[in-house]
Every structure is written in structure tokens, then in C-alpha cells.
Amino acid sequence: MLRAIKLQLLQAIHATGLNRRLADSEWRRRRLLILCYHGISLDDEHEWNPALFMAPKTLERRFETLREGGYRVLPLTEAAERLAQGSLPPRSVVLTFDDGTTDFRTVALPILQKFGYPSTVYVRTDYCSFRRPVFPPVGPYLLWKRRDSVVPACPELGWAEAQDLRATEGRSRAWGEILRISQQREPSAEQHDRILERMALHIGIDYTAFVESRIMQIMSAAEIAAIARAGVDVQLHTHHHRLVTALGQGDELRSEIEENRRRIFEMTGRTAAHFCYPSGKYSLESLSALRQLDIMTATTCEPDLASKSSDPLLLPRYIDSNARSESEFEAWLSGAGSLVANLRANRTRTRKKKSPVR
């Protein structure tokens with residue numbers, strides 16, 4: 001209901017021409033929109049999870065909107081420096097891609113090159129030397145691929161009884177049991193992959209063919225080096241994609257980022273200085289440690305426009321995906337989406353303050 005109301009409001013803003021006036025305003029010129037993308041589909045991933053994946057044709061349409069609207073797509077380092085100096089050009093935007101999956105090189109990069117847009121890729125580096133699918137997203141996706149099935153019990157996977165994969169709840173339950181079993185063993189990436197292979201065999205999916213598709217795999221060291229030579233900005237995302245909130249402020253956080261940085265330097269010849277919080281989860285207590293590690297900027301997944309007053313280690317980003325409508329995207333480009341989101345947040349805070357204590 002609330003989403004429908006918000007969409008109607010954004011459509012009304014577009015119809016009245018407010019988007020255009022706001023995009024040209026001094027208020028918008030002083031602000032930077034950092035866009036966040038995750039997967040760009042190699043197959044049907046956007047049908048499985050439209051909030052995480054985007055169809056290639058949708059990404060191309062987004063970039064057409066940027067071009068038609070006269071938006072300035074800046075490299076991240078330049079944008080961060082000009083944001084701090086107050087010298088951003090009108091309608092400034094930065095494009096970022098999380099994780100470093102192979103679909104960036106094969107799908108997103110050719111589209112970026114077509115439009116001549118710079119981009120930043122935040123890469124987890126643990127899978128760069130392990131050419132296999134990443135465990136957490138792949139399992140649910142493979143179960144979804146068999147969404148017309150009821151599969152037999154398999155104690156090895158934690159399935160004491162047949163699993164009904166025809167509904168979201170059944171697939172979630174099946175995956176939850178696999179996670180429960182895997183967490184008891186604290187498996188390595190190789191052991192995780194054997195679990196996926198066993199599950200695929202049990203539910204009737206050709207795992208060898210799936211691995212060859214490169215869906216939900218991280219780019220190899222050679223592929224990372226190739227995109228860097230093509231001008232892509234490769235930056236930090238921790239080595240193992242571990243949440244900062246779970247790492248604390250000391251040695252674990254430092255180790256994750258230093259190993260990530262070391263490997264990126266080996267692949268690109270450049271010292272990475274920008275960081276993206278895995279899953280957008282950050283801890284205020286970790287900011288001093290990030291400064292000691294000479295992190296120039298760190299991006300969250302909190303939707304807003306960045307301004308000169310923004311903490312460079314807590315920069316907001318708008319997550320774009322197939323679940324977002326064109327009117328939502330245009331509203332965030334102009335800044336209207338940020339104003340609406342902040343208005344709703346302020347009203348929520350006001351209601352909480354006014355609610356009686358019981």
C-alpha cells in the first residue's frame with residue numbers, strides 16, 4: 001500500500017515537470033547520487049530475484065535515461081574530491097557495482113563502454129582464485145530453478161523428509177536446512193561447493209553445465225586485471241565478504257581489508273582506497289579503524305544523496321534493480337526520490353516521538 005502511494009506521488013512529480021526543475025536546482029548541484037548495482041543477469045536471475053539482479057536491457061535503458069537527462073557520470077575519486085570541495089558539476093552521478101561477479105565483465109562493461117561511462121567495482125577477492133559459484137546466492141537460485149518440483153528426502157542435505165519447492169516457503173525451508181547443516185561444519189569454499197554439487201544432483205540440475213555458465217561467480221584474477229586495463233576502478237569489499245559489524249574494530253577488520261587490498265594490487269597494480277561495506281552493514285565504531293587503514297571513502301546501502309556534510313566513510317547509495325520502476329529511477333536522479341524518502345522518515349520519527357508512553 002505505502003509503495004503504491006509512493007509510486008503515485010513520484011509519477012505525479014514527473015508529470016508536473018518537478019523532476020526537471022529539481023535536477024537543475026542549486027540544491028541538486030551540491031549533491032551527488034551514487035548508484036549501486038549488484039548482478040546483471042546472464043540468464044534469468046532477475047526473474048528469480050528482481051531486487052538483486054537487473055536485466056541487461058534494463059541497465060541499457062537506465063544509461064539512456066542518464067544520457068537523455070544530461071547527467072554527468074563521474075569517476076568515484078573525482079566525485080568524492082569535488083563533493084568535498086563543493087565543485088560538483090550539475091546532475092552528478094557515480095556508478096558502482098558490488099562483489100565483482102563475472103556478469104560485470106561480460107554484460108555490464110560492454111554497456112558502460114557503449115555510453116562511455118566510468119564505473120567502480122567493489123571486489124571480494126576470496127573467490128578470484130576459485131572459479132566456482134558463490135555459495136549463499138546460488139543455492140536459493142538453484143532451488144528456484146526447480147520450482148515445479150517436490151524432491152525426495154536427503155539426510156545428507158539435512159532434508160529428513162521430501163521438500164516441496166513449488167512455493168517460496170518450501171524453498172526457504174529447504175535452503176534453511178542446508179545452511180543449518182553447513183554452519184555446523186564451518187565449511188571452506190571447496191566444501192560449500194561440494195554441498196551445492198550434491199544438492200544440484202539431488203534436485204536434477206546439471207551442475208557441471210551450471211558452473212560453465214559462470215552465473216554468480218566472481219571474476220578471476222586475469223579478468224579483474226583485464227577490466228582494470230579497460231579503465232574500470234577496482235576497489236575494496238573485504239576479502240571474504242564479511243560483515244563489518246561482525247569483524248569488530250581490530251585485527252579481523254584490518255586483516256580482511258589489507259588482504260583485499262593486497263590482492264587487488266597484485267591484479268591491477270593500483271592501491272585501492274575506496275571501500276564498500278558488504279551488504280551495506282556498517283558500524284560507527286569501525287570508522288576510526290577505516291581511517292587508520294587510509295580508506296578515502298566508504299559506501300553504504302542507505303538511500304540518499306551525498307552532500308558536502310556527509311561523512312566520507314558513510315556515503316549513501318541508491319540500489320537500482322529490476323524491482324525499481326523507471327519513474328522511481330528518474331525521481332532519484334533528480335533528487336525528488338531523496339526528498340520523498342526523507343519526508344517519510346521525518347514523519348515516522350515525529351509519530352514515534354508523539355506516541356504516548358505505555
# chains A, B, ... in the order shown; residues from 1 in each chain; ligands from 1
call {"tool": "residues_around", "arguments": {"residues": "Leu109 of chain A", "least_positions_apart": "3", "cutoff": "12 Å", "atoms": "only C-alpha atoms", "output": "JSON, numbers by chain"}}
result
{"A": [40, 56, 59, 60, 95, 96, 97, 100, 101, 102, 103, 104, 105, 106, 112, 113, 114, 115, 116, 117, 118, 119, 120, 121, 223, 224, 226, 227, 228, 230, 231, 232, 233]}
call {"tool": "residues_around", "arguments": {"residues": "Ser182 of chain A", "least_positions_apart": "4", "cutoff": "10 Å", "atoms": "only C-alpha atoms", "output": "list of chain:residue names"}}
result
A:Leu157, A:Gly158, A:Gly176, A:Glu177, A:Ile178, A:Glu186, A:Pro187, A:Ser188, A:Gln191, A:His192, A:Ile195
call {"tool": "write_last_selection", "arguments": {"atoms": "N, CA and C atoms", "output": "mmCIF file, in the first residue's frame"}}
result
data_model
loop_
_atom_site.group_PDB
_atom_site.id
_atom_site.type_symbol
_atom_site.label_atom_id
_atom_site.label_comp_id
_atom_site.auth_asym_id
_atom_site.auth_seq_id
_atom_site.Cartn_x
_atom_site.Cartn_y
_atom_site.Cartn_z
ATOM 1 N N LEU A 157 21.735 -33.608 3.084
ATOM 2 C CA LEU A 157 21.481 -32.176 2.927
ATOM 3 C C LEU A 157 20.682 -31.604 4.100
ATOM 4 N N GLY A 158 20.358 -32.457 5.071
ATOM 5 C CA GLY A 158 19.541 -32.015 6.195
ATOM 6 C C GLY A 158 18.054 -32.151 5.944
ATOM 7 N N GLY A 176 17.161 -23.392 4.310
ATOM 8 C CA GLY A 176 17.470 -23.205 5.722
ATOM 9 C C GLY A 176 18.070 -24.447 6.347
ATOM 10 N N GLU A 177 17.576 -25.600 5.958
ATOM 11 C CA GLU A 177 18.136 -26.852 6.486
ATOM 12 C C GLU A 177 19.565 -27.074 5.998
ATOM 13 N N ILE A 178 19.821 -26.719 4.739
ATOM 14 C CA ILE A 178 21.184 -26.852 4.210
ATOM 15 C C ILE A 178 22.131 -25.907 4.954
ATOM 16 N N GLU A 186 31.318 -25.614 9.575
ATOM 17 C CA GLU A 186 32.191 -24.497 9.232
ATOM 18 C C GLU A 186 32.990 -24.789 7.958
ATOM 19 N N PRO A 187 32.309 -25.002 6.861
ATOM 20 C CA PRO A 187 32.999 -25.464 5.644
ATOM 21 C C PRO A 187 33.805 -24.368 4.959
ATOM 22 N N SER A 188 34.781 -24.816 4.184
ATOM 23 C CA SER A 188 35.557 -23.932 3.317
ATOM 24 C C SER A 188 34.759 -23.685 2.044
ATOM 25 N N GLN A 191 34.290 -26.952 0.310
ATOM 26 C CA GLN A 191 33.241 -27.774 0.924
ATOM 27 C C GLN A 191 31.853 -27.221 0.613
ATOM 28 N N HIS A 192 31.730 -25.904 0.610
ATOM 29 C CA HIS A 192 30.467 -25.289 0.203
ATOM 30 C C HIS A 192 30.101 -25.727 -1.215
ATOM 31 N N ILE A 195 28.673 -29.127 -1.363
ATOM 32 C CA ILE A 195 27.274 -29.130 -0.921
ATOM 33 C C ILE A 195 26.361 -28.717 -2.074
#
call {"tool": "closest_residue", "arguments": {"among": "A:Leu201, A:Ala108, A:Met216, A:Ala153", "to": "Tyr127 of chain A", "atoms": "only C-alpha atoms"}}
result
A:Met216
call {"tool": "residues_around", "arguments": {"residues": "Thr271 of chain A", "least_positions_apart": "5", "cutoff": "8 Å", "atoms": "only C-alpha atoms", "output": "ChimeraX atom specification"}}
result
/A:261-262,264-265
call {"tool": "write_last_selection", "arguments": {"atoms": "C-alpha atoms", "output": "compact mmCIF listing (two decimals), in the first residue's frame"}}
result
# COMPACT_ATOMS: atom_id res chain seq x y z
CA ARG A 261 43.90 -4.53 -0.86
CA ARG A 262 46.99 -6.71 -1.37
CA ILE A 264 43.70 -6.07 -5.75
CA PHE A 265 47.17 -4.51 -6.06
call {"tool": "residues_around", "arguments": {"residues": "Ala298 of chain A", "least_positions_apart": "3", "cutoff": "6 Å", "atoms": "only C-alpha atoms", "output": "VMD selection string"}}
result
chain A and resid 274 to 276 313 to 314
call {"tool": "atom_distance", "arguments": {"atom1": "atom CA of Asp251 of chain A", "atom2": "atom CA of Ser309 of chain A"}}
result
29.9 Å
call {"tool": "residues_around", "arguments": {"residues": "segment 330-343 of chain A", "least_positions_apart": "3", "cutoff": "6 Å", "atoms": "only C-alpha atoms", "output": "list of chain:residue names"}}
result
A:Asn19, A:Leu22, A:Ala23, A:Asp304, A:Ser327, A:Asn346
call {"tool": "write_last_selection", "arguments": {"atoms": "N, CA and C atoms", "output": "PDB file, in the first residue's frame"}}
result
ATOM      1  N   ASN A  19      10.562  17.044 -11.555  1.00  0.00           N
ATOM      2  CA  ASN A  19      11.836  16.341 -11.686  1.00  0.00           C
ATOM      3  C   ASN A  19      12.858  17.207 -12.413  1.00  0.00           C
ATOM      4  N   LEU A  22      13.911  20.311 -10.394  1.00  0.00           N
ATOM      5  CA  LEU A  22      14.742  19.941  -9.250  1.00  0.00           C
ATOM      6  C   LEU A  22      16.141  19.527  -9.704  1.00  0.00           C
ATOM      7  N   ALA A  23      16.218  18.795 -10.820  1.00  0.00           N
ATOM      8  CA  ALA A  23      17.516  18.364 -11.348  1.00  0.00           C
ATOM      9  C   ALA A  23      18.390  19.557 -11.707  1.00  0.00           C
ATOM     10  N   ASP A 304      20.053   7.805  -0.274  1.00  0.00           N
ATOM     11  CA  ASP A 304      20.034   9.254  -0.122  1.00  0.00           C
ATOM     12  C   ASP A 304      21.042   9.826  -1.113  1.00  0.00           C
ATOM     13  N   SER A 327      10.044   5.459 -13.259  1.00  0.00           N
ATOM     14  CA  SER A 327       9.700   6.712 -12.573  1.00  0.00           C
ATOM     15  C   SER A 327      10.462   6.849 -11.264  1.00  0.00           C
ATOM     16  N   ASN A 346      11.086  11.476   8.291  1.00  0.00           N
ATOM     17  CA  ASN A 346      10.841  12.502   9.303  1.00  0.00           C
ATOM     18  C   ASN A 346       9.464  12.341   9.927  1.00  0.00           C
TER      19      ASN A 346
END
call {"tool": "residues_around", "arguments": {"residues": "Val211 of chain A", "least_positions_apart": "6", "cutoff": "9 Å", "atoms": "only C-alpha atoms", "output": "list in words"}}
result
Arg131, Arg132, Pro133 and Gln217 of chain A
call {"tool": "write_last_selection", "arguments": {"atoms": "N, CA and C atoms", "output": "CSV table (one decimal), in the first residue's frame"}}
result
chain,number,residue,atom,x,y,z
A,131,ARG,N,37.2,-20.7,-9.2
A,131,ARG,CA,36.2,-20.5,-10.3
A,131,ARG,C,35.0,-21.4,-10.1
A,132,ARG,N,34.2,-21.0,-9.1
A,132,ARG,CA,33.0,-21.8,-8.7
A,132,ARG,C,32.0,-20.8,-8.3
A,133,PRO,N,30.7,-21.1,-8.3
A,133,PRO,CA,29.6,-20.2,-7.8
A,133,PRO,C,29.8,-19.9,-6.3
A,217,GLN,N,29.4,-16.2,-10.3
A,217,GLN,CA,30.8,-16.4,-10.0
A,217,GLN,C,31.6,-15.1,-9.9
call {"tool": "residues_around", "arguments": {"residues": "Leu293 of chain A", "least_positions_apart": "5", "cutoff": "9 Å", "atoms": "only C-alpha atoms", "output": "number ranges by chain"}}
result
A: 254, 257-258, 273, 288
call {"tool": "atom_distance", "arguments": {"atom1": "atom CA of Thr77 of chain A", "atom2": "atom CA of Glu302 of chain A"}}
result
19.8 Å
call {"tool": "select_by_dssp", "arguments": {"residues": "segment 107-162 of chain A", "states": "strand (DSSP E or B)", "output": "ChimeraX atom specification"}}
result
/A:120-123,133,150-151,154,159
call {"tool": "write_last_selection", "arguments": {"atoms": "C-alpha atoms", "output": "PDB file, in the first residue's frame"}}
result
ATOM      1  CA  THR A 120      33.748   1.402  -9.814  1.00  0.00           C
ATOM      2  CA  VAL A 121      33.621  -2.308  -8.970  1.00  0.00           C
ATOM      3  CA  TYR A 122      33.962  -3.317  -5.318  1.00  0.00           C
ATOM      4  CA  VAL A 123      35.505  -6.800  -5.379  1.00  0.00           C
ATOM      5  CA  PRO A 133      29.645 -20.205  -7.808  1.00  0.00           C
ATOM      6  CA  VAL A 150       8.705 -31.927  -4.890  1.00  0.00           C
ATOM      7  CA  VAL A 151      12.059 -33.617  -4.271  1.00  0.00           C
ATOM      8  CA  CYS A 154      18.117 -36.367   1.587  1.00  0.00           C
ATOM      9  CA  TRP A 159      16.287 -32.956   4.485  1.00  0.00           C
TER      10      TRP A 159
END
call {"tool": "select_by_dssp", "arguments": {"residues": "segment 75-241 of chain A", "states": "helix (DSSP H, G or I)", "output": "PyMOL selection string"}}
result
chain A and resi 76-85+102-115+126-129+135-145+155-157+168-185+189-203+207-213+221-229
call {"tool": "closest_residue", "arguments": {"among": "A:Arg242, A:Leu32, A:Glu156, A:Glu326", "to": "Glu81 of chain A", "atoms": "only C-alpha atoms"}}
result
A:Leu32
